[in-house]
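Scroll down for the structure; my scribbles are underneath it.
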Amino acid sequence: MNMKWLLVSTILLMWVAKLTYDQQQYGEQITSLQSQITKANQATDNLNDQFVALQRKDASSINDNKPLTETESKHVASPFNPLVLVKQQLDLIQFSLQQQQNSYALEHLQILIQNLVHYDIAPALKQNLLDTLSLDQQRITQYYQQQELQNKHTALQLQQINQYLNSLMTKVAMRDEQTIHDKTWFSLQHTDQAKTALMSRSIMIKELQLRLLLAQQLFYHGQYQAYQVNMDDMMALTKQSPLVNQTDLQQMLMQARSINVLNLPKLQATALIK
């Protein structure tokens with residue numbers, strides 16, 4: 001019987017280790033992506049500062065009728081195309097949207113709108129860009145608001161599922177402990193079997209809770225397909241034991257799975273500079 005306890009405990013520890021590893025992997029991926037965004041943003045800001053400074057310097061030299069140095073003459077003769085800078089900034093904003101960095105995208109879109117006024121771009125194109133960027137800003141804001149509402153709704157659903165599982169764990173523990181106590185008077189062997197059954201049921205509920213935690217992380221990171229697959233696995237798992245094969249639990253899992261995946265907004269301004 002000790003071997004059975006050891007086997008059950010080993011399986012539980014292995015599964016917990018696997019889920020912990022999966023969570024760490026997702027965390028490392030998010031950290032890496034955030035680092036990429038930060039580096040790309042720093043490079044873009046540096047390029048933007050250099051470009052604006054160059055424009056101001058060239059304009060000041062021309063207005064003062066001062067002779068330009070050889071390096072400055074090269075800049076005037078072959079000026080940097082500001083549309084290249086705009087395209088880089090738009091790509092960075094779109095990438096941040098894909099990584100669920102909505103507030104970051106809105107912040108840098110506003111910065112781009114403010115800087116665009118100082119860029120040496122044809123007036124008609126500049127106005128079209130400003131108008132389109134404003135519309136993009138509105139679409140991202142709307143998407144952000146809808147996503148926040150969805151996140152709160154889904155978080156509440158997952159919390160209710162976890163509370164249900166906690167309640168189920170408590171009820172099962174109390175019932176089985178009473179069963180173990182009653183059987184102690186008759187047979188030690190029956191008592192060991194009851195303890196093993198209790199451990200098996202506890203593992204089932206704990207596995208569901210760990211999967212629920214993983215589902216929450218997948219959802220918040222925008223991995224909606226993986227989130228739904230994980231919810232499917234949970235529903236399949238509940239059917240393996242009468243203990244968790246409950247109508248209420250099945251309905252809550254189905255509701256949490258049936259999310260309305262929002263369409264990621266695509267920057268329309270990008271089409272103007274291709």
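Quick note on naming: the chains in the structure tokens go A, B, ... in the order shown, residues restart at 1 in each chain, and ligands are numbered from 1 in order of appearance.
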If we count only C-alpha atoms and set the cut-off at 8 Å, which residues sit around Leu83 (chain A), ignoring sequence neighbours fewer than 2 positions away in its own chain? Please answer as a ChimeraX atom specification. /A:81,85-87,121,273
Same residues, C-alpha atoms, output as a PDB file, in the first residue's frame:
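As written to disk, out.pdb reads:
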```
ATOM      1  CA  ASN A  81      13.185  59.849 -45.880  1.00  0.00           C
ATOM      2  CA  LEU A  85      10.832  56.469 -39.775  1.00  0.00           C
ATOM      3  CA  VAL A  86       7.019  56.586 -39.767  1.00  0.00           C
ATOM      4  CA  LYS A  87       6.890  53.032 -41.147  1.00  0.00           C
ATOM      5  CA  ILE A 121       6.377  65.310 -45.753  1.00  0.00           C
ATOM      6  CA  ILE A 273       3.278  54.728 -46.975  1.00  0.00           C
TER       7      ILE A 273
END
```
With only C-alpha atoms as the counted atoms, please give the residues lying no more than 10 Å from region 231-246 of chain A, apart from itself and same-chain residues fewer than 4 positions off, as a list in words.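 In the requested form, the answer reads Leu165, Leu168, Met169, Val172, Ser200, Arg201, Ser202, Met204, Ile205, Glu207, Leu208, Gln209, Arg211, Leu212, Leu214, Ala215, Gln225, Ala226, Tyr227, Gln250, Gln251, Met252, Leu253, Met254, Ala256, Arg257 and Ser258 of chain A.
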Which of A:His108, A:Asn166, A:Pro265, A:Val229 sits closest to Gln88 (chain A) [using only C-alpha atoms]: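 So, comparing all the options, the nearest one is A:His108.
Proximity to region 114-116 of chain A at 9 Å, evaluated using only C-alpha atoms and with sequence-adjacent residues fewer than 2 positions away removed, yields Asn48, Val52, Pro82, Val86, Leu109, Gln110, Ile111, Leu112, His118, Tyr119, Asp120, Ile121, Lys126, Leu129 and Leu130 of chain A.
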Taking N, CA and C atoms for each residue, export the selection above as a PDB file, in the first residue's frame.
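So the final result, stored in part08.pdb, reads:
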```pdb
ATOM      1  N   ASN A  48      14.466  58.988 -34.271  1.00  0.00           N
ATOM      2  CA  ASN A  48      13.577  60.138 -34.378  1.00  0.00           C
ATOM      3  C   ASN A  48      14.256  61.406 -33.863  1.00  0.00           C
ATOM      4  N   VAL A  52      14.909  64.716 -36.175  1.00  0.00           N
ATOM      5  CA  VAL A  52      14.369  66.039 -35.843  1.00  0.00           C
ATOM      6  C   VAL A  52      15.493  67.045 -35.651  1.00  0.00           C
ATOM      7  N   PRO A  82      11.594  60.665 -44.209  1.00  0.00           N
ATOM      8  CA  PRO A  82      10.853  60.563 -42.941  1.00  0.00           C
ATOM      9  C   PRO A  82       9.812  59.451 -42.965  1.00  0.00           C
ATOM     10  N   VAL A  86       8.446  56.788 -40.078  1.00  0.00           N
ATOM     11  CA  VAL A  86       7.019  56.586 -39.767  1.00  0.00           C
ATOM     12  C   VAL A  86       6.667  55.104 -39.878  1.00  0.00           C
ATOM     13  N   LEU A 109       1.394  55.782 -30.396  1.00  0.00           N
ATOM     14  CA  LEU A 109       0.637  56.315 -31.528  1.00  0.00           C
ATOM     15  C   LEU A 109       0.401  57.809 -31.345  1.00  0.00           C
ATOM     16  N   GLN A 110       0.130  58.212 -30.110  1.00  0.00           N
ATOM     17  CA  GLN A 110      -0.045  59.637 -29.832  1.00  0.00           C
ATOM     18  C   GLN A 110       1.269  60.398 -30.042  1.00  0.00           C
ATOM     19  N   ILE A 111       2.373  59.792 -29.647  1.00  0.00           N
ATOM     20  CA  ILE A 111       3.674  60.418 -29.863  1.00  0.00           C
ATOM     21  C   ILE A 111       3.959  60.579 -31.358  1.00  0.00           C
ATOM     22  N   LEU A 112       3.608  59.556 -32.140  1.00  0.00           N
ATOM     23  CA  LEU A 112       3.815  59.631 -33.583  1.00  0.00           C
ATOM     24  C   LEU A 112       2.991  60.751 -34.197  1.00  0.00           C
ATOM     25  N   HIS A 118       6.210  67.705 -37.431  1.00  0.00           N
ATOM     26  CA  HIS A 118       7.532  68.281 -37.679  1.00  0.00           C
ATOM     27  C   HIS A 118       8.275  67.592 -38.827  1.00  0.00           C
ATOM     28  N   TYR A 119       7.699  66.555 -39.390  1.00  0.00           N
ATOM     29  CA  TYR A 119       8.379  65.820 -40.454  1.00  0.00           C
ATOM     30  C   TYR A 119       8.201  66.521 -41.802  1.00  0.00           C
ATOM     31  N   ASP A 120       9.246  66.418 -42.589  1.00  0.00           N
ATOM     32  CA  ASP A 120       9.227  67.042 -43.920  1.00  0.00           C
ATOM     33  C   ASP A 120       8.532  66.088 -44.899  1.00  0.00           C
ATOM     34  N   ILE A 121       7.205  66.157 -44.899  1.00  0.00           N
ATOM     35  CA  ILE A 121       6.377  65.310 -45.753  1.00  0.00           C
ATOM     36  C   ILE A 121       5.435  66.214 -46.548  1.00  0.00           C
ATOM     37  N   LYS A 126       0.775  64.277 -45.504  1.00  0.00           N
ATOM     38  CA  LYS A 126       0.849  64.458 -44.057  1.00  0.00           C
ATOM     39  C   LYS A 126      -0.547  64.547 -43.446  1.00  0.00           C
ATOM     40  N   LEU A 129      -2.183  61.173 -43.429  1.00  0.00           N
ATOM     41  CA  LEU A 129      -1.609  60.354 -42.362  1.00  0.00           C
ATOM     42  C   LEU A 129      -2.179  60.742 -41.000  1.00  0.00           C
ATOM     43  N   LEU A 130      -2.268  62.035 -40.761  1.00  0.00           N
ATOM     44  CA  LEU A 130      -2.810  62.495 -39.482  1.00  0.00           C
ATOM     45  C   LEU A 130      -4.263  62.054 -39.296  1.00  0.00           C
TER      46      LEU A 130
END
```
Work out how far apart CA of Leu106 (chain A) and CA of Thr270 (chain A) are and give it in Å to one decimal. 15.5 Å
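Reported to one decimal place, the separation of CA of Gln163 (chain A) from CA of Leu210 (chain A) is 13.2 Å.
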In region 195-272 of chain A, what's helix (DSSP H, G or I) per DSSP? Answer as a ChimeraX atom specification? /A:195-220,224-238,247-257,268-272
So what do you get for CA of Gln255 (chain A) versus CA of Tyr144 (chain A), distance-wise?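 Computing it gives 22.1 Å between the two atoms.
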